[in-house]
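Containing compact mmCIF, C-alpha atoms: upload-v1.txt.
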```
# COMPACT_ATOMS: atom_id res chain seq x y z
CA MET A 662 301.55 84.23 109.65
CA THR A 663 302.76 82.13 106.75
CA VAL A 664 300.10 80.53 104.56
CA MET A 665 301.55 77.51 102.83
CA ALA A 666 300.60 76.36 99.36
CA ASN A 667 300.67 72.78 98.18
CA SER A 668 303.36 72.08 95.59
CA LEU A 669 302.19 69.49 93.08
CA SER A 670 304.57 67.46 90.98
CA PRO A 671 304.58 67.94 87.18
CA ALA A 672 303.46 64.34 86.71
CA ASP A 673 300.41 64.77 88.92
CA PRO A 674 297.28 64.82 86.70
CA THR A 675 295.61 67.23 89.13
CA THR A 676 298.04 69.99 88.11
CA LYS A 677 295.99 70.92 85.05
CA PRO A 678 292.39 71.51 86.12
CA VAL A 679 290.20 74.05 84.37
CA ARG A 680 289.12 76.41 87.12
CA VAL A 681 286.44 79.00 86.43
CA PRO A 682 287.30 82.36 88.04
CA GLU A 683 284.63 84.12 90.08
CA VAL A 684 283.92 87.70 89.01
CA ARG A 685 283.52 89.94 92.07
CA ARG A 686 282.36 93.44 91.21
CA ILE A 687 283.44 95.33 94.31
CA ASP A 688 283.54 99.12 94.44
CA PHE A 689 286.45 100.21 96.62
CA SER A 690 286.77 103.65 98.20
CA PHE A 691 289.95 105.45 99.17
CA PRO A 692 289.38 108.13 101.84
CA ASP A 693 291.88 110.95 101.94
CA ASP A 694 292.97 110.16 105.50
CA ILE A 695 294.70 106.94 104.39
CA PRO A 696 298.38 107.55 105.25
CA GLU A 697 300.75 108.27 102.39
CA PHE A 698 302.89 105.22 103.18
CA TRP A 699 300.21 102.66 103.92
CA PHE A 700 302.36 99.55 103.43
CA ASP A 701 304.04 98.99 106.81
CA ASN A 702 304.81 102.73 106.98
CA ASP A 703 307.46 102.02 104.35
CA PRO A 704 307.92 104.51 101.48
CA LEU A 705 309.78 101.98 99.34
CA ARG A 706 307.16 99.23 99.41
CA THR A 707 304.26 101.67 99.18
CA VAL A 708 305.68 103.47 96.16
CA LEU A 709 306.45 100.13 94.50
CA PHE A 710 302.75 99.33 94.70
CA TYR A 711 301.85 102.82 93.48
CA SER A 712 303.92 102.17 90.35
CA MET A 713 302.39 98.73 89.84
CA SER A 714 298.87 100.16 90.07
CA GLY A 715 299.75 102.78 87.48
CA SER A 716 300.51 100.07 84.92
CA PHE A 717 297.42 97.94 85.55
CA PRO A 718 294.47 99.53 83.67
CA GLU A 719 296.05 99.54 80.19
CA GLY A 720 297.84 96.26 80.83
CA GLU A 721 294.63 94.51 81.88
CA ARG A 722 292.86 95.72 78.72
CA PHE A 723 295.68 94.31 76.58
CA PHE A 724 295.39 90.95 78.36
CA ILE A 725 291.64 90.87 77.71
CA ASP A 726 292.10 91.64 74.01
CA SER A 727 294.82 89.02 73.53
CA VAL A 728 292.66 86.26 75.02
CA ARG A 729 289.41 87.46 73.45
CA TYR A 730 291.01 87.23 69.99
CA TYR A 731 290.99 83.42 70.33
CA GLN A 732 287.75 83.09 72.27
CA LYS A 733 285.75 81.68 69.36
CA GLN A 734 288.35 78.96 68.78
CA ILE A 735 287.81 77.49 72.24
CA THR A 736 285.50 74.48 72.15
CA ASP A 737 285.90 73.11 75.68
CA PRO A 738 282.86 74.41 77.64
CA GLU A 739 284.74 74.77 80.93
CA LEU A 740 287.59 76.69 79.31
CA LYS A 741 285.00 78.90 77.61
CA MET A 742 283.54 79.70 81.03
CA ALA A 743 287.03 80.29 82.43
CA VAL A 744 287.77 82.77 79.62
CA ARG A 745 284.58 84.69 80.42
CA GLY A 746 285.59 84.75 84.08
CA PHE A 747 289.10 85.93 83.17
CA ILE A 748 287.72 88.76 81.04
CA GLY A 749 285.27 89.79 83.77
CA GLN A 750 287.93 89.83 86.47
CA GLU A 751 290.47 91.73 84.39
CA ALA A 752 287.91 94.31 83.26
CA HIS A 753 287.00 95.08 86.86
CA HIS A 754 290.66 95.22 87.87
CA ALA A 755 291.16 97.94 85.25
CA LYS A 756 288.15 99.86 86.60
CA GLU A 757 289.15 99.72 90.27
CA HIS A 758 292.80 100.51 89.66
CA THR A 759 291.74 103.53 87.62
CA ALA A 760 289.95 104.72 90.77
CA LEU A 761 292.97 103.88 92.94
CA ASN A 762 295.26 105.71 90.51
CA ALA A 763 293.14 108.83 90.84
CA PHE A 764 293.65 108.63 94.62
CA ILE A 765 297.41 108.14 94.16
CA GLU A 766 297.54 111.10 91.76
CA ARG A 767 295.81 113.29 94.36
CA ARG A 768 298.59 112.38 96.77
CA GLY A 769 301.15 113.92 94.41
CA TYR A 770 302.40 110.84 92.53
CA PRO A 771 302.08 111.16 88.71
CA VAL A 772 300.84 107.64 87.97
CA SER A 773 298.91 109.00 84.98
CA LYS A 774 302.28 109.22 83.19
CA ILE A 775 302.74 105.48 83.74
CA ASP A 776 299.21 104.79 82.51
CA ARG A 777 299.82 106.77 79.29
CA ALA A 778 303.20 105.12 78.67
CA VAL A 779 301.77 101.64 79.13
CA GLY A 780 298.88 102.54 76.83
CA LYS A 781 301.33 103.57 74.09
CA ALA A 782 303.34 100.37 74.57
CA MET A 783 300.23 98.20 74.36
CA ALA A 784 299.10 100.02 71.21
CA PHE A 785 302.53 99.31 69.69
CA PHE A 786 302.24 95.62 70.61
CA ARG A 787 298.77 95.38 69.10
CA LYS A 788 300.05 96.87 65.84
CA HIS A 789 303.39 95.07 65.51
CA MET A 790 303.06 91.78 67.41
CA SER A 791 301.35 88.75 65.96
CA PRO A 792 298.25 87.54 67.86
CA GLU A 793 300.29 84.53 68.99
CA ARG A 794 302.98 86.80 70.44
CA GLN A 795 300.38 89.01 72.10
CA LEU A 796 298.82 86.00 73.82
CA ALA A 797 302.28 84.67 74.81
CA HIS A 798 303.07 88.09 76.28
CA THR A 799 299.90 87.91 78.35
CA VAL A 800 300.84 84.40 79.52
CA ALA A 801 304.26 85.68 80.59
CA ILE A 802 302.97 88.70 82.52
CA GLU A 803 300.24 86.59 84.12
CA HIS A 804 303.04 84.41 85.51
CA PHE A 805 304.65 87.50 87.03
CA THR A 806 301.39 88.70 88.57
CA ALA A 807 300.65 85.25 90.00
CA LEU A 808 304.11 85.13 91.58
CA PHE A 809 303.60 88.55 93.15
CA ALA A 810 300.09 87.69 94.32
CA GLU A 811 300.91 84.29 95.79
CA ARG A 812 304.56 84.34 96.85
CA LEU A 813 304.85 87.98 97.90
CA LEU A 814 301.42 88.96 99.24
CA MET A 815 299.48 85.86 100.27
CA GLU A 816 301.96 83.20 101.38
CA ASN A 817 303.55 85.47 104.00
CA ASP A 818 300.38 87.48 104.65
CA GLU A 819 302.09 90.74 103.76
CA LEU A 820 298.56 92.11 103.38
CA SER A 821 298.36 92.31 107.19
CA LYS A 822 301.08 95.01 107.09
CA MET A 823 298.93 97.31 104.95
CA ASP A 824 296.51 99.93 106.23
CA PRO A 825 293.22 98.02 106.72
CA ARG A 826 291.46 100.35 104.28
CA MET A 827 294.00 99.61 101.55
CA ALA A 828 294.53 95.88 102.12
CA PRO A 829 291.17 94.74 100.64
CA ILE A 830 291.84 95.95 97.08
CA TRP A 831 295.22 94.26 97.01
CA ALA A 832 293.82 91.10 98.60
CA TRP A 833 291.01 91.06 96.03
CA HIS A 834 293.40 91.60 93.14
CA ALA A 835 295.84 88.99 94.46
CA VAL A 836 293.09 86.41 94.92
CA GLU A 837 291.77 86.90 91.41
CA GLU A 838 295.22 86.89 89.81
CA SER A 839 295.80 83.53 91.48
CA GLU A 840 292.35 82.22 90.52
CA HIS A 841 292.82 82.98 86.81
CA LYS A 842 296.57 82.38 86.60
CA ALA A 843 296.15 79.44 84.19
CA VAL A 844 293.41 80.77 81.89
CA ALA A 845 295.58 82.58 79.32
CA PHE A 846 298.10 79.72 79.56
CA ASP A 847 295.42 77.10 78.83
CA VAL A 848 294.09 79.15 75.90
CA TYR A 849 297.64 79.44 74.55
CA LYS A 850 298.29 75.70 74.87
CA THR A 851 294.98 74.98 73.17
CA VAL A 852 295.21 77.29 70.17
CA VAL A 853 298.94 78.08 69.70
CA ASN A 854 301.10 75.63 71.68
CA ASN A 855 304.43 76.87 70.35
CA GLU A 856 307.14 76.47 72.99
CA TRP A 857 309.63 78.75 71.22
CA ILE A 858 307.16 81.65 71.17
CA ARG A 859 306.10 81.01 74.77
CA CYS A 860 309.62 80.93 76.20
CA SER A 861 311.19 83.59 74.00
CA GLU A 862 308.33 85.95 74.78
CA MET A 863 308.93 85.39 78.48
CA VAL A 864 312.55 86.50 78.01
CA PHE A 865 311.37 89.64 76.20
CA ALA A 866 308.60 90.31 78.74
CA SER A 867 311.03 89.84 81.63
CA LEU A 868 313.50 92.38 80.27
CA LEU A 869 310.69 94.80 79.54
CA PHE A 870 309.05 94.29 82.94
CA ILE A 871 312.26 94.77 84.93
CA THR A 872 313.38 97.81 82.90
CA PHE A 873 310.14 99.77 82.87
CA SER A 874 308.92 98.80 86.34
CA SER A 875 312.26 100.00 87.75
CA PHE A 876 312.03 103.25 85.79
CA ASP A 877 308.43 103.85 86.89
CA PHE A 878 309.25 103.08 90.52
CA LEU A 879 312.23 105.45 90.60
CA ARG A 880 310.22 108.18 88.88
CA LEU A 881 307.58 108.00 91.62
CA MET A 882 310.16 107.71 94.40
CA ARG A 883 311.38 111.20 93.53
CA HIS A 884 308.01 112.51 94.71
CA SER A 885 308.15 110.69 98.06
CA GLY A 886 310.78 112.86 99.73
CA HIS A 887 312.77 109.69 100.57
CA MET A 888 314.92 109.29 97.47
CA THR A 889 318.11 109.89 99.49
CA ASP A 890 317.05 107.92 102.57
CA ILE A 891 319.98 105.48 102.76
CA ARG A 892 318.56 103.50 105.68
CA MET A 893 315.30 102.96 103.79
CA TRP A 894 317.19 101.67 100.74
CA LEU A 895 319.30 99.31 102.86
CA ARG A 896 316.19 97.96 104.61
CA GLY A 897 314.56 97.54 101.21
CA ILE A 898 317.51 95.68 99.72
CA ASN A 899 317.49 93.33 102.69
CA TYR A 900 313.71 92.86 102.48
CA PHE A 901 313.74 92.04 98.78
CA TRP A 902 317.07 90.23 98.39
CA GLY A 903 318.37 89.36 101.89
CA LYS A 904 316.03 88.28 104.66
CA PRO A 905 313.18 87.53 104.06
CA GLY A 906 314.35 88.06 100.47
CA VAL A 907 310.94 88.07 98.79
CA PHE A 908 312.33 88.78 95.31
CA ARG A 909 315.15 86.27 95.76
CA LYS A 910 312.57 83.59 96.54
CA LEU A 911 310.75 84.32 93.26
CA ILE A 912 313.70 83.22 91.11
CA ARG A 913 313.07 79.48 91.28
CA PRO A 914 309.30 79.61 90.57
CA TYR A 915 309.97 82.15 87.81
CA LEU A 916 312.42 79.76 86.12
CA ALA A 917 309.88 76.93 86.35
CA PHE A 918 307.96 78.68 83.56
CA TYR A 919 310.61 77.58 81.04
CA ARG A 920 310.03 73.86 81.66
CA ARG A 921 308.24 72.14 78.81
CA ASP A 922 305.89 70.45 81.31
CA PHE A 923 305.12 73.66 83.22
CA HIS A 924 301.56 74.48 84.25
CA PRO A 925 300.54 77.32 86.61
CA TRP A 926 298.50 75.04 88.88
CA GLN A 927 301.53 72.90 89.70
CA HIS A 928 301.74 75.44 92.51
CA ASP A 929 298.41 74.79 94.19
CA SER A 930 297.30 78.02 95.85
CA THR A 931 293.88 76.77 96.99
CA GLU A 932 294.64 76.85 100.71
CA MET A 933 296.03 80.38 100.72
CA LEU A 934 293.18 81.59 98.52
CA GLU A 935 290.62 80.37 101.01
CA TYR A 936 292.52 81.93 103.91
CA THR A 937 292.86 85.30 102.14
CA LYS A 938 289.24 85.40 101.01
CA LYS A 939 287.99 84.62 104.50
CA LYS A 940 290.25 87.20 106.17
CA TYR A 941 290.03 90.10 103.72
CA LEU A 942 287.07 89.67 101.37
CA ALA A 943 284.32 88.29 103.61
CA GLY A 944 281.57 90.85 104.00
CA LEU A 945 282.60 93.09 101.11
CA ALA A 946 279.56 94.14 99.08
CA THR A 947 279.55 93.14 95.43
CA ASN A 948 277.52 94.32 92.46
CA SER A 949 277.44 90.91 90.75
```

In structure tokens, what does this structure look like?
Amino acid sequence: MTVMANSLSPADPTTKPVRVPEVRRIDFSFPDDIPEFWFDNDPLRTVLFYSMSGSFPEGERFFIDSVRYYQKQITDPELKMAVRGFIGQEAHHAKEHTALNAFIERRGYPVSKIDRAVGKAMAFFRKHMSPERQLAHTVAIEHFTALFAERLLMENDELSKMDPRMAPIWAWHAVEESEHKAVAFDVYKTVVNNEWIRCSEMVFASLLFITFSSFDFLRLMRHSGHMTDIRMWLRGINYFWGKPGVFRKLIRPYLAFYRRDFHPWQHDSTEMLEYTKKKYLAGLATNS
């Protein structure tokens, strides 16, 4: 099933609402009988998500720090609340993906190496990047995560192809990435608002993201036993770049980021959020 999102024009004043993210403190469990390739029985897609999870805990902590640095400069009460929601969501993402990474590690995939490498990179950024650049980097990566959450997972309901015990954590993460997709952007526009830094940092973040995510993915694929599975690679190339071509379809919304009038909520994901929450998150116990 395809869940459509409303595309709002840049001139539409409703494209820039302040939306306060809801913090859901859900404790996920990962029983050992979950199959190794839980995403449509596909090693390629499953291992891609293994590698993504490995990068999340340290990345989320960097995002929190970059936004928190400017928290006291925010005067708008709704944006203040949105920042608190952003921090709460990202902190719990780091916690739950640490638990998921322990499960992945038990299955023989060394995601702890990804976690350590990302931690070193984030420490380097904190030391050598200006606070403005750090926040712009967060804005850039948040655009990537929103694209993956909305265009890859939710719009085409790819979550339905996952093992039902694994789908909820990715649905939860996707929902919250979409809910807070504009928070770091709105903080940046409020306190920095430098278009050169914003766009140039996206170029840097894009090169970094593609290079290291590819390296991490290939490093984990060597542990899958399918590194030389030609048919799997051909199916994967078709899936990502042919038909349906999920990565190919991300190019246009990715490039939209470079428009001077860009705002994340020009792509209104409200309808798909409600659908995903109802289908995958209803009934999950929270600690909030």

Task: Selection as a PyMOL selection string: residues within 6 Å of (302.2, 93.7, 106.7), counting all atoms listed in the file - done: chain A and resi 701+819-823

Suppose we keep C-alpha atoms; can you now write the selection as a PDB file, keeping the file's coordinate frame?
```pdb
ATOM      1  CA  ASP A 701     304.040  98.990 106.810  1.00  0.00           C
ATOM      2  CA  GLU A 819     302.090  90.740 103.760  1.00  0.00           C
ATOM      3  CA  LEU A 820     298.560  92.110 103.380  1.00  0.00           C
ATOM      4  CA  SER A 821     298.360  92.310 107.190  1.00  0.00           C
ATOM      5  CA  LYS A 822     301.080  95.010 107.090  1.00  0.00           C
ATOM      6  CA  MET A 823     298.930  97.310 104.950  1.00  0.00           C
TER       7      MET A 823
END
```

- [ ] Just the residues within 7 Å of Leu934 of chain A, please, counting all atoms listed in the file, with nothing from its chain fewer than 4 positions along; format it as a list in words.
- [x]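 Once the nearby chain positions are removed, what remains is Val836, Ser930 and Lys938 of chain A.
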
Task: Within 10 Å of Gly715 of chain A using only C-alpha atoms, minus same-chain residues under 4 positions, as number ranges by chain - done: A: 710-711, 719-720, 758-759, 761-763, 765-766, 770-779, 877-878

Task: Atomic distance atom CA of Thr937 of chain A - atom CA of Leu813 of chain A, expressed in Å with one decimal - done: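 These two atoms are separated by 13.0 Å.
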
Task: Pick from A:Met863, A:Leu705, A:Val679, A:Met827, whichever lies nearest to Asp890 of chain A using all atoms listed in the file - done: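 Of all the options, A:Leu705 lies closest to Asp890 of chain A.
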
- [ ] Grab the atom CA of Ile858 of chain A to atom CA of Glu793 of chain A distance for me, in Å with one decimal place.
- [x]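 Computing the Euclidean distance for atom CA of Ile858 of chain A and atom CA of Glu793 of chain A yields 7.8 Å.
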